[in-house]
file run.txt (compact mmCIF, C-alpha atoms)
# COMPACT_ATOMS: atom_id res chain seq x y z
CA MET T 1 0.00 0.00 0.00
CA ARG T 2 1.00 3.63 -0.56
CA TYR T 3 0.98 5.81 2.57
CA LEU T 4 0.91 9.58 2.90
CA PHE T 5 1.96 10.94 6.30
CA HIS T 6 0.08 14.21 6.64
CA LEU T 7 -1.72 16.82 8.69
CA PRO T 8 -5.27 17.67 7.55
CA LEU T 9 -4.71 21.45 7.48
CA SER T 10 -1.20 21.40 6.00
CA PRO T 11 -1.46 23.00 2.53
CA PHE T 12 1.56 20.96 1.46
CA SER T 13 -0.16 17.71 2.45
CA ARG T 14 -3.34 18.84 0.70
CA LYS T 15 -1.46 19.55 -2.52
CA VAL T 16 -0.11 15.99 -2.61
CA ARG T 17 -3.53 14.51 -1.76
CA LEU T 18 -5.01 16.38 -4.74
CA VAL T 19 -2.22 15.24 -7.06
CA LEU T 20 -2.52 11.60 -5.99
CA ALA T 21 -6.29 11.73 -6.53
CA GLU T 22 -5.94 13.45 -9.94
CA LYS T 23 -3.54 10.69 -10.98
CA ARG T 24 -5.94 8.08 -9.59
CA LEU T 25 -3.28 6.59 -7.34
CA PRO T 26 -4.79 4.88 -4.28
CA PHE T 27 -3.24 5.80 -0.94
CA GLU T 28 -3.88 5.71 2.77
CA LEU T 29 -3.57 8.78 4.96
CA VAL T 30 -1.55 8.53 8.17
CA LEU T 31 -1.85 11.38 10.66
CA GLU T 32 1.61 12.61 11.69
CA LYS T 33 1.69 15.05 14.58
CA VAL T 34 5.02 16.59 13.61
CA TRP T 35 5.31 18.46 16.90
CA ASP T 36 5.81 15.08 18.65
CA ARG T 37 9.05 14.67 16.63
CA ARG T 38 8.70 10.87 16.44
CA PRO T 39 12.18 9.35 15.92
CA ASP T 40 10.88 6.83 13.34
CA TYR T 41 9.37 9.68 11.35
CA LEU T 42 12.47 11.88 11.56
CA GLU T 43 14.47 8.97 10.16
CA MET T 44 12.21 8.99 7.08
CA ASN T 45 12.14 12.77 6.85
CA PRO T 46 14.96 14.52 8.74
CA ALA T 47 13.32 17.91 8.07
CA GLY T 48 10.42 16.76 10.28
CA THR T 49 7.78 18.23 7.98
CA VAL T 50 4.65 16.79 6.40
CA PRO T 51 3.93 15.31 3.95
CA THR T 52 6.06 12.21 3.42
CA LEU T 53 5.02 9.62 0.85
CA VAL T 54 5.93 5.95 1.22
CA GLU T 55 5.49 3.99 -1.98
CA ASP T 56 4.40 0.35 -2.35
CA ASN T 57 8.01 -0.62 -3.04
CA GLY T 58 9.26 1.09 0.12
CA LEU T 59 10.64 4.24 -1.55
CA VAL T 60 10.36 7.11 0.93
CA ILE T 61 9.82 10.59 -0.51
CA ALA T 62 9.95 13.66 1.72
CA ASP T 63 8.96 17.26 0.87
CA SER T 64 5.81 18.08 -1.09
CA GLN T 65 7.57 19.48 -4.15
CA VAL T 66 9.92 16.49 -4.33
CA ILE T 67 6.86 14.22 -4.09
CA CYS T 68 5.05 16.09 -6.88
CA GLU T 69 8.08 16.03 -9.20
CA TYR T 70 8.46 12.32 -8.47
CA LEU T 71 4.78 11.58 -9.13
CA ASP T 72 4.87 13.42 -12.46
CA GLU T 73 7.91 11.39 -13.52
CA ALA T 74 6.74 8.03 -12.19
CA TYR T 75 3.12 8.37 -13.36
CA PRO T 76 3.22 10.60 -16.44
CA GLU T 77 -0.20 9.56 -17.82
CA VAL T 78 -1.83 12.62 -16.21
CA PRO T 79 0.92 15.25 -16.62
CA LEU T 80 0.60 18.15 -14.19
CA ILE T 81 3.82 20.16 -14.69
CA GLY T 82 3.27 21.24 -18.30
CA ARG T 83 4.72 19.96 -21.53
CA THR T 84 7.00 22.58 -23.09
CA LEU T 85 9.98 24.12 -21.30
CA GLY T 86 8.11 27.44 -21.09
CA GLU T 87 4.98 25.86 -19.63
CA ARG T 88 7.04 23.95 -17.08
CA VAL T 89 8.80 27.16 -16.01
CA GLU T 90 5.48 28.92 -15.43
CA VAL T 91 3.88 26.01 -13.55
CA ARG T 92 6.89 25.65 -11.27
CA ARG T 93 7.20 29.41 -10.78
CA LEU T 94 3.65 29.63 -9.49
CA VAL T 95 4.03 26.55 -7.30
CA ALA T 96 7.17 28.13 -5.79
CA TRP T 97 5.27 31.39 -5.32
CA PHE T 98 2.39 29.73 -3.47
CA ASP T 99 4.58 27.37 -1.45
CA GLY T 100 7.09 30.13 -0.71
CA LYS T 101 5.86 33.71 -0.61
CA PHE T 102 2.13 33.03 -0.21
CA SER T 103 2.81 30.38 2.42
CA ASN T 104 5.18 32.59 4.42
CA GLU T 105 2.96 35.65 4.27
CA VAL T 106 -0.51 34.09 4.51
CA SER T 107 -0.92 30.36 5.17
CA ARG T 108 1.80 29.95 7.76
CA PRO T 109 0.77 32.91 9.95
CA LEU T 110 -2.92 32.01 9.82
CA VAL T 111 -2.93 28.20 9.85
CA HIS T 112 -0.01 27.97 12.23
CA GLU T 113 -1.43 30.47 14.70
CA LYS T 114 -5.01 29.27 14.57
CA ALA T 115 -4.64 25.52 14.19
CA PHE T 116 -1.16 24.09 14.76
CA LYS T 117 -0.53 26.09 17.93
CA ARG T 118 -3.80 24.79 19.34
CA PHE T 119 -3.19 21.14 18.43
CA SER T 120 0.39 21.16 19.68
CA GLY T 121 -0.50 22.99 22.90
CA ARG T 122 1.83 25.89 22.17
CA GLY T 123 -0.30 28.73 23.42
CA ASN T 124 -2.73 31.20 21.94
CA PRO T 125 -2.71 32.77 18.48
CA ASP T 126 -0.64 35.93 18.13
CA ALA T 127 -3.10 38.69 17.16
CA ALA T 128 -0.51 40.68 15.18
CA MET T 129 0.37 37.61 13.09
CA LEU T 130 -3.32 36.98 12.35
CA ARG T 131 -3.85 40.61 11.28
CA ALA T 132 -0.78 40.49 9.02
CA GLY T 133 -1.84 37.17 7.46
CA LEU T 134 -5.36 38.45 6.72
CA ALA T 135 -4.06 41.71 5.25
CA ASN T 136 -1.61 39.80 3.05
CA LEU T 137 -4.40 37.50 1.88
CA ARG T 138 -6.53 40.49 0.80
CA HIS T 139 -3.47 41.73 -1.08
CA HIS T 140 -2.67 38.41 -2.81
CA LEU T 141 -6.18 37.15 -3.64
CA PRO T 142 -6.60 39.60 -6.55
CA TYR T 143 -3.39 38.21 -8.12
CA ILE T 144 -5.05 34.79 -8.22
CA GLY T 145 -8.13 36.46 -9.71
CA TRP T 146 -5.98 38.23 -12.30
CA LEU T 147 -4.38 34.93 -13.36
CA ALA T 148 -7.81 33.27 -13.56
CA GLU T 149 -9.16 36.11 -15.72
CA HIS T 150 -6.28 36.03 -18.19
CA ARG T 151 -5.84 32.28 -18.52
CA GLN T 152 -8.05 29.22 -18.52
CA TRP T 153 -6.17 27.83 -15.51
CA LEU T 154 -3.64 29.62 -13.30
CA ALA T 155 -0.53 28.67 -15.29
CA GLY T 156 -2.04 28.49 -18.78
CA PRO T 157 -4.48 26.53 -20.94
CA SER T 158 -4.26 23.28 -18.93
CA ILE T 159 -4.94 22.53 -15.30
CA SER T 160 -1.63 22.02 -13.54
CA LEU T 161 0.20 21.68 -10.26
CA ALA T 162 -0.05 25.48 -9.95
CA ASP T 163 -3.83 25.16 -9.56
CA PHE T 164 -3.49 22.36 -7.01
CA ALA T 165 -0.86 24.22 -4.99
CA ALA T 166 -3.02 27.35 -4.93
CA ALA T 167 -6.20 25.42 -4.12
CA ALA T 168 -4.42 23.51 -1.36
CA HIS T 169 -3.46 26.74 0.40
CA LEU T 170 -6.85 28.35 -0.11
CA SER T 171 -8.74 25.26 1.04
CA ALA T 172 -6.82 25.21 4.33
CA LEU T 173 -7.51 28.93 4.80
CA ASP T 174 -11.16 28.46 3.85
CA PHE T 175 -11.47 25.67 6.42
CA ILE T 176 -10.50 28.07 9.19
CA GLY T 177 -12.88 30.67 7.76
CA ASP T 178 -10.26 33.18 6.68
CA VAL T 179 -11.03 33.69 2.98
CA ASP T 180 -13.23 36.67 2.11
CA TRP T 181 -14.22 35.58 -1.39
CA THR T 182 -15.94 38.90 -2.13
CA VAL T 183 -12.45 40.41 -2.56
CA SER T 184 -12.06 38.68 -5.93
CA PRO T 185 -15.03 37.18 -7.82
CA SER T 186 -12.62 35.76 -10.43
CA ALA T 187 -10.62 33.92 -7.78
CA LYS T 188 -13.89 32.63 -6.33
CA GLU T 189 -15.08 31.37 -9.73
CA TRP T 190 -11.77 29.56 -10.30
CA TYR T 191 -11.91 28.03 -6.79
CA ALA T 192 -15.49 26.84 -7.38
CA ARG T 193 -14.22 25.00 -10.48
CA MET T 194 -11.44 23.42 -8.43
CA LYS T 195 -13.79 22.40 -5.62
CA SER T 196 -16.13 20.59 -7.99
CA ARG T 197 -13.41 18.19 -9.14
CA PRO T 198 -13.66 14.62 -7.81
CA SER T 199 -10.09 14.92 -6.46
CA PHE T 200 -11.33 17.59 -4.03
CA ARG T 201 -14.02 15.48 -2.35
CA ASN T 202 -11.69 13.93 0.16
CA LEU T 203 -10.48 17.38 1.32
CA LEU T 204 -14.00 18.70 1.69
CA ALA T 205 -14.88 15.78 3.95
CA ASP T 206 -12.02 16.57 6.37
CA ARG T 207 -12.97 16.87 10.01
CA VAL T 208 -10.44 18.37 12.36
CA GLY T 209 -10.92 18.12 16.12
CA GLY T 210 -12.10 21.38 17.65
CA ILE T 211 -12.35 23.42 14.45
CA ILE T 212 -15.68 23.69 12.61
CA PRO T 213 -15.33 24.96 9.04
CA PRO T 214 -17.78 27.62 7.80
CA ALA T 215 -20.93 26.34 6.04
CA HIS T 216 -19.62 27.26 2.60
CA TYR T 217 -16.41 25.22 3.02
CA ALA T 218 -17.83 22.03 1.48
CA ASP T 219 -20.56 23.76 -0.57
CA LEU T 220 -19.85 23.52 -4.30
CA ASP T 221 -22.17 26.46 -5.05
CA PHE T 222 -20.83 28.71 -2.32
CA MET F 223 23.16 37.00 -23.96
CA ARG F 224 22.03 35.10 -20.88
CA TYR F 225 21.68 37.23 -17.72
CA LEU F 226 21.50 36.19 -14.09
CA PHE F 227 20.11 38.79 -11.70
CA HIS F 228 21.75 38.00 -8.39
CA LEU F 229 23.23 39.08 -5.06
CA PRO F 230 26.80 37.92 -4.39
CA LEU F 231 26.04 36.45 -0.96
CA SER F 232 22.67 34.89 -1.81
CA PRO F 233 23.13 31.10 -1.53
CA PHE F 234 20.33 30.68 -4.07
CA SER F 235 22.14 32.87 -6.60
CA ARG F 236 25.38 31.02 -5.91
CA LYS F 237 23.73 27.65 -6.55
CA VAL F 238 22.60 28.78 -10.00
CA ARG F 239 26.02 30.31 -10.81
CA LEU F 240 27.62 26.94 -10.01
CA VAL F 241 25.11 25.03 -12.12
CA LEU F 242 25.52 27.37 -15.11
CA ALA F 243 29.30 27.01 -14.86
CA GLU F 244 29.14 23.21 -14.52
CA LYS F 245 26.99 23.10 -17.65
CA ARG F 246 29.42 25.47 -19.39
CA LEU F 247 26.66 27.95 -20.18
CA PRO F 248 28.02 31.50 -20.56
CA PHE F 249 26.15 34.20 -18.64
CA GLU F 250 26.50 37.72 -17.34
CA LEU F 251 25.84 38.63 -13.72
CA VAL F 252 23.57 41.60 -12.98
CA LEU F 253 23.51 42.90 -9.41
CA GLU F 254 19.90 43.21 -8.19
CA LYS F 255 19.43 45.02 -4.89
CA VAL F 256 16.12 43.36 -4.08
CA TRP F 257 15.45 45.73 -1.18
CA ASP F 258 15.00 48.55 -3.74
CA ARG F 259 11.96 46.63 -5.11
CA ARG F 260 12.54 47.86 -8.67
CA PRO F 261 9.20 47.71 -10.56
CA ASP F 262 10.86 46.31 -13.72
CA TYR F 263 12.37 43.53 -11.65
CA LEU F 264 9.14 42.75 -9.80
CA GLU F 265 7.44 42.37 -13.16
CA MET F 266 9.94 39.64 -14.07
CA ASN F 267 9.81 38.06 -10.62
CA PRO F 268 6.75 39.00 -8.54
CA ALA F 269 8.25 37.26 -5.51
CA GLY F 270 11.01 39.89 -5.56
CA THR F 271 13.75 37.37 -4.79
CA VAL F 272 17.08 36.61 -6.44
CA PRO F 273 18.07 34.91 -8.63
CA THR F 274 16.18 35.41 -11.88
CA LEU F 275 17.58 34.02 -15.12
CA VAL F 276 16.84 35.64 -18.47
CA GLU F 277 17.64 33.40 -21.41
CA ASP F 278 18.97 34.43 -24.84
CA ASN F 279 15.49 33.93 -26.28
CA GLY F 280 13.89 36.19 -23.65
CA LEU F 281 12.49 33.42 -21.45
CA VAL F 282 12.39 34.71 -17.86
CA ILE F 283 12.86 32.14 -15.10
CA ALA F 284 12.37 33.08 -11.46
CA ASP F 285 13.21 31.05 -8.34
CA SER F 286 16.45 29.11 -8.00
CA GLN F 287 14.89 25.66 -7.94
CA VAL F 288 12.73 26.44 -10.98
CA ILE F 289 15.88 27.65 -12.75
CA CYS F 290 17.80 24.48 -11.86
CA GLU F 291 14.98 22.18 -12.99
CA TYR F 292 14.75 24.17 -16.22
CA LEU F 293 18.51 24.04 -16.84
CA ASP F 294 18.59 20.28 -16.33
CA GLU F 295 15.77 19.83 -18.85
CA ALA F 296 17.02 22.37 -21.40
CA TYR F 297 20.71 21.36 -21.19
CA PRO F 298 20.73 17.68 -20.22
CA GLU F 299 24.30 16.96 -21.40
CA VAL F 300 25.61 17.44 -17.85
CA PRO F 301 22.76 15.95 -15.77
CA LEU F 302 22.73 17.18 -12.18
CA ILE F 303 19.45 15.81 -10.76
CA GLY F 304 20.24 12.10 -11.00
CA ARG F 305 19.13 9.46 -13.48
CA THR F 306 16.83 6.93 -11.78
CA LEU F 307 13.64 7.88 -9.93
CA GLY F 308 15.28 6.97 -6.62
CA GLU F 309 18.37 9.08 -7.32
CA ARG F 310 16.22 12.04 -8.34
CA VAL F 311 14.20 11.78 -5.14
CA GLU F 312 17.36 11.85 -3.01
CA VAL F 313 18.97 14.76 -4.92
CA ARG F 314 15.80 16.83 -4.68
CA ARG F 315 15.23 15.90 -1.04
CA LEU F 316 18.67 17.22 -0.09
CA VAL F 317 18.28 20.36 -2.19
CA ALA F 318 14.94 21.01 -0.45
CA TRP F 319 16.60 20.37 2.92
CA PHE F 320 19.42 22.86 2.26
CA ASP F 321 17.21 25.48 0.62
CA GLY F 322 14.49 25.01 3.23
CA LYS F 323 15.49 23.89 6.71
CA PHE F 324 19.22 24.71 6.52
CA SER F 325 18.48 28.08 4.93
CA ASN F 326 15.83 29.02 7.51
CA GLU F 327 17.88 27.89 10.49
CA VAL F 328 21.39 28.88 9.41
CA SER F 329 21.96 30.86 6.20
CA ARG F 330 19.07 33.28 6.53
CA PRO F 331 19.75 34.29 10.15
CA LEU F 332 23.48 34.69 9.57
CA VAL F 333 23.69 36.11 6.03
CA HIS F 334 20.60 38.25 6.43
CA GLU F 335 21.67 39.72 9.75
CA LYS F 336 25.32 40.23 8.88
CA ALA F 337 25.19 41.22 5.22
CA PHE F 338 21.75 42.06 3.81
CA LYS F 339 20.76 44.25 6.75
CA ARG F 340 23.97 46.20 6.31
CA PHE F 341 23.63 46.66 2.55
CA SER F 342 19.96 47.62 2.72
CA GLY F 343 20.51 50.01 5.64
CA ARG F 344 18.08 48.15 7.89
CA GLY F 345 19.96 48.40 11.16
CA ASN F 346 22.35 46.27 13.12
CA PRO F 347 22.51 42.48 13.34
CA ASP F 348 20.31 40.89 15.99
CA ALA F 349 22.67 39.14 18.41
CA ALA F 350 20.16 36.44 19.35
CA MET F 351 19.62 35.55 15.67
CA LEU F 352 23.38 35.28 15.13
CA ARG F 353 23.80 33.02 18.16
CA ALA F 354 20.94 30.78 17.01
CA GLY F 355 22.32 30.59 13.44
CA LEU F 356 25.79 29.63 14.65
CA ALA F 357 24.43 27.02 17.07
CA ASN F 358 22.29 25.52 14.29
CA LEU F 359 25.29 25.42 11.96
CA ARG F 360 27.32 23.44 14.53
CA HIS F 361 24.38 21.07 14.76
CA HIS F 362 23.90 20.62 10.99
CA LEU F 363 27.54 20.50 9.80
CA PRO F 364 28.05 16.92 11.09
CA TYR F 365 25.06 15.80 8.96
CA ILE F 366 26.91 17.02 5.88
CA GLY F 367 30.00 15.22 7.17
CA TRP F 368 27.99 12.05 7.71
CA LEU F 369 26.66 12.16 4.13
CA ALA F 370 30.18 12.78 2.79
CA GLU F 371 31.54 9.80 4.77
CA HIS F 372 28.88 7.37 3.59
CA ARG F 373 28.70 8.40 -0.06
CA GLN F 374 31.06 9.62 -2.73
CA TRP F 375 29.02 12.82 -3.07
CA LEU F 376 26.22 14.09 -0.85
CA ALA F 377 23.33 12.42 -2.69
CA GLY F 378 25.14 9.32 -4.00
CA PRO F 379 27.85 8.15 -6.38
CA SER F 380 27.66 11.19 -8.72
CA ILE F 381 28.08 14.87 -8.06
CA SER F 382 24.67 16.52 -8.17
CA LEU F 383 22.60 19.58 -7.47
CA ALA F 384 22.61 18.52 -3.80
CA ASP F 385 26.37 19.20 -3.65
CA PHE F 386 25.97 22.57 -5.38
CA ALA F 387 23.08 23.63 -3.14
CA ALA F 388 25.05 22.67 -0.03
CA ALA F 389 28.26 24.29 -1.27
CA ALA F 390 26.37 27.46 -2.22
CA HIS F 391 25.08 27.88 1.34
CA LEU F 392 28.41 27.00 2.94
CA SER F 393 30.37 29.30 0.63
CA ALA F 394 28.19 32.28 1.59
CA LEU F 395 28.62 31.40 5.29
CA ASP F 396 32.36 30.89 4.80
CA PHE F 397 32.62 34.32 3.16
CA ILE F 398 31.29 35.97 6.31
CA GLY F 399 33.63 33.84 8.42
CA ASP F 400 30.96 31.76 10.14
CA VAL F 401 32.01 28.18 9.35
CA ASP F 402 34.09 26.42 11.99
CA TRP F 403 35.43 23.62 9.82
CA THR F 404 37.02 21.82 12.79
CA VAL F 405 33.49 20.69 13.75
CA SER F 406 33.48 18.14 10.91
CA PRO F 407 36.68 17.09 9.08
CA SER F 408 34.57 15.04 6.62
CA ALA F 409 32.48 18.07 5.69
CA LYS F 410 35.68 20.06 5.27
CA GLU F 411 37.22 17.41 3.00
CA TRP F 412 34.06 17.36 0.84
CA TYR F 413 34.00 21.17 0.67
CA ALA F 414 37.69 21.26 -0.36
CA ARG F 415 36.78 18.98 -3.29
CA MET F 416 33.93 21.31 -4.24
CA LYS F 417 36.10 24.43 -4.00
CA SER F 418 38.73 23.00 -6.33
CA ARG F 419 36.25 22.64 -9.21
CA PRO F 420 36.58 25.20 -12.03
CA SER F 421 32.91 26.15 -11.56
CA PHE F 422 33.79 27.51 -8.10
CA ARG F 423 36.44 29.98 -9.23
CA ASN F 424 34.01 32.74 -9.97
CA LEU F 425 32.53 32.51 -6.45
CA LEU F 426 35.91 32.57 -4.79
CA ALA F 427 36.78 35.78 -6.64
CA ASP F 428 33.68 37.60 -5.28
CA ARG F 429 34.31 40.92 -3.62
CA VAL F 430 31.51 42.44 -1.58
CA GLY F 431 31.73 46.04 -0.43
CA GLY F 432 32.59 46.34 3.24
CA ILE F 433 32.98 42.65 4.02
CA ILE F 434 36.41 41.03 3.90
CA PRO F 435 36.28 37.24 3.76
CA PRO F 436 38.67 35.25 5.99
CA ALA F 437 42.01 34.27 4.44
CA HIS F 438 40.95 30.63 3.96
CA TYR F 439 37.84 31.59 1.93
CA ALA F 440 39.56 31.38 -1.46
CA ASP F 441 42.34 29.03 -0.37
CA LEU F 442 41.95 25.58 -1.98
CA ASP F 443 44.16 23.95 0.69
CA PHE F 444 42.47 25.57 3.67

call {"tool": "encode", "arguments": {"input": "run.txt", "output": "structure tokens"}}
result
Amino acid sequence: MRYLFHLPLSPFSRKVRLVLAEKRLPFELVLEKVWDRRPDYLEMNPAGTVPTLVEDNGLVIADSQVICEYLDEAYPEVPLIGRTLGERVEVRRLVAWFDGKFSNEVSRPLVHEKAFKRFSGRGNPDAAMLRAGLANLRHHLPYIGWLAEHRQWLAGPSISLADFAAAAHLSALDFIGDVDWTVSPSAKEWYARMKSRPSFRNLLADRVGGIIPPAHYADLDF
Amino acid sequence: MRYLFHLPLSPFSRKVRLVLAEKRLPFELVLEKVWDRRPDYLEMNPAGTVPTLVEDNGLVIADSQVICEYLDEAYPEVPLIGRTLGERVEVRRLVAWFDGKFSNEVSRPLVHEKAFKRFSGRGNPDAAMLRAGLANLRHHLPYIGWLAEHRQWLAGPSISLADFAAAAHLSALDFIGDVDWTVSPSAKEWYARMKSRPSFRNLLADRVGGIIPPAHYADLDF
């Protein structure tokens, strides 16, 4: 069996869940509370982050981008990183933007403060971090809308890892009720398309102890 | 002409300089003071980071890992990301470890506090950050030594992007005099091999206003 060690609200874990589902690769989720720093887990992934994928044949793959590059090479039938050199540059640029800048400025402050601190018993959310994360989200959401207006999908004419990376971050933020979709109707329309994909169902069914998502979280016509 | 927008002490810029040189691709360096947030530059790279590569044909490639993936696909004669799926997973895992965890815990605190703050006029180094960066470096250097003892190169039998990512970070730290090589003789022996490669010459000749590297920085028999 293929196992994915994850946390439900980790955008990086969510990205890999979406990619596995898009590629129709069966897998089992294993909850990994990274704050426990389990020695067996650190041996598989010395960075101590989620997700980590363990393949049928025992191959261990740490880091979400490494996993996604691996999956696109090992299972190329549903290609998600583009075909031409130029397409591949744009897909990877956007993935790096969401997993780097957007994550540091939005997802990490909000998801870390609101969810991970609570689960790991590390105190209360820092109000200044929450304010900064929300302000940054209002600033970045129109960029997603702009991409969605000018292209069929975020990186170009085909759906790609850029869409799944973006949707993974936004779905975690939407779960904790932090996305004001009125800021960008184009971003909302694109996200509604993403949510209606079969690969998204598993994410929308997530239940996380102590946090109740807003009513629109799992609503396809939100 | 091919241009690389860079900062001399950015480990991410240094990694790409090494890869371009290993692949024997001529390029010109352009200094980009990212703290000025030049609008023309932000248009090429909305994340506002260095490096950004601009190809002969006008293709703009932002983000060091995106650049390295692109270069290995566009110029595969000198492959640097491994051949088999397993090799590629290990090369990329280590690159992600150096550019993620090692960067956040060591390079960013030290290089940012000592160099970038000074150049951008953003005040004095934070002593607590420097202490934490140095302590983390003493903790991580033996891991590099362990890899070098158990394998010919960091990711396996062939030199790879993992070696260049690691050497890029260490060379920036060595420039500011922060690497105590006595902590790990195996890491030092591996780094001496890296330094003696022709691709490294350009880095060893770097001069950065106001910072004088230690005598051993450019010495191949340090």

call {"tool": "atom_distance", "arguments": {"input": "run.txt", "atom1": "CA of Gly133 (chain T)", "atom2": "CA of Arg108 (chain T)"}}
result
8.1 Å

call {"tool": "residues_around", "arguments": {"input": "run.txt", "residues": "Val66 (chain T)", "least_positions_apart": "6", "cutoff": "7 Å", "atoms": "only C-alpha atoms", "output": "PyMOL selection string"}}
result
chain F and resi 311+314-315

call {"tool": "write_last_selection", "arguments": {"input": "run.txt", "atoms": "C-alpha atoms", "output": "PDB file, in the coordinates of the input"}}
result
ATOM      1  CA  VAL F 311      14.200  11.780  -5.140  1.00  0.00           C
ATOM      2  CA  ARG F 314      15.800  16.830  -4.680  1.00  0.00           C
ATOM      3  CA  ARG F 315      15.230  15.900  -1.040  1.00  0.00           C
TER       4      ARG F 315
END

call {"tool": "interface_residues", "arguments": {"input": "run.txt", "of": "chain F", "to": "chain T", "cutoff": "10 Å", "atoms": "all atoms listed in the file", "output": "VMD selection string"}}
result
chain F and resid 267 to 271 281 to 289 291 to 293 295 to 296 307 to 308 310 to 320 322 to 324

call {"tool": "closest_residue", "arguments": {"input": "run.txt", "among": "F:Lys237, F:Arg415, F:His228, F:His438", "to": "Leu253 (chain F)", "atoms": "all atoms listed in the file"}}
result
F:His228

call {"tool": "closest_residue", "arguments": {"input": "run.txt", "among": "T:Glu113, T:Val34, T:Phe27, T:Tyr143", "to": "Arg131 (chain T)", "atoms": "only C-alpha atoms"}}
result
T:Glu113

call {"tool": "residues_around", "arguments": {"input": "run.txt", "residues": "Leu130 (chain T)", "least_positions_apart": "6", "cutoff": "12 Å", "atoms": "only C-alpha atoms", "output": "list in words"}}
result
Glu105, Val106, Ser107, Arg108, Pro109, Leu110, Val111, His112, Glu113, Lys114, Ala115, Asn124, Asn136, Leu137, Leu173, Ile176 and Asp178 of chain T

call {"tool": "decode", "arguments": {"input": "run.txt", "residues": "region 428-441 of chain F", "atoms": "N, CA and C atoms", "output": "short mmCIF file (atom, residue, chain, number, x, y, z; two decimals), in the first residue's frame"}}
result
data_model
loop_
_atom_site.label_atom_id
_atom_site.label_comp_id
_atom_site.auth_asym_id
_atom_site.auth_seq_id
_atom_site.Cartn_x
_atom_site.Cartn_y
_atom_site.Cartn_z
N ASP F 428 34.66 36.57 -5.67
CA ASP F 428 33.68 37.60 -5.28
C ASP F 428 34.29 38.62 -4.32
N ARG F 429 33.97 39.86 -4.57
CA ARG F 429 34.31 40.92 -3.62
C ARG F 429 33.03 41.65 -3.29
N VAL F 430 32.76 41.81 -2.01
CA VAL F 430 31.51 42.44 -1.58
C VAL F 430 31.88 43.63 -0.72
N GLY F 431 31.37 44.80 -1.12
CA GLY F 431 31.73 46.04 -0.43
C GLY F 431 31.59 45.94 1.08
N GLY F 432 32.67 46.25 1.79
CA GLY F 432 32.59 46.34 3.24
C GLY F 432 32.76 45.05 4.00
N ILE F 433 32.79 43.92 3.31
CA ILE F 433 32.98 42.65 4.02
C ILE F 433 34.23 41.97 3.46
N ILE F 434 35.18 41.69 4.33
CA ILE F 434 36.41 41.03 3.90
C ILE F 434 36.34 39.57 4.34
N PRO F 435 36.38 38.65 3.38
CA PRO F 435 36.28 37.24 3.76
C PRO F 435 37.55 36.80 4.50
N PRO F 436 37.47 35.75 5.31
CA PRO F 436 38.67 35.25 5.99
C PRO F 436 39.68 34.73 4.96
N ALA F 437 40.95 34.65 5.37
CA ALA F 437 42.01 34.27 4.44
C ALA F 437 41.74 32.92 3.79
N HIS F 438 41.14 31.98 4.52
CA HIS F 438 40.95 30.63 3.96
C HIS F 438 39.83 30.56 2.93
N TYR F 439 39.02 31.65 2.81
CA TYR F 439 37.84 31.59 1.93
C TYR F 439 38.18 31.12 0.52
N ALA F 440 39.21 31.71 -0.07
CA ALA F 440 39.56 31.38 -1.46
C ALA F 440 40.74 30.41 -1.55
N ASP F 441 41.18 29.91 -0.41
CA ASP F 441 42.34 29.03 -0.37
C ASP F 441 41.87 27.58 -0.61
#
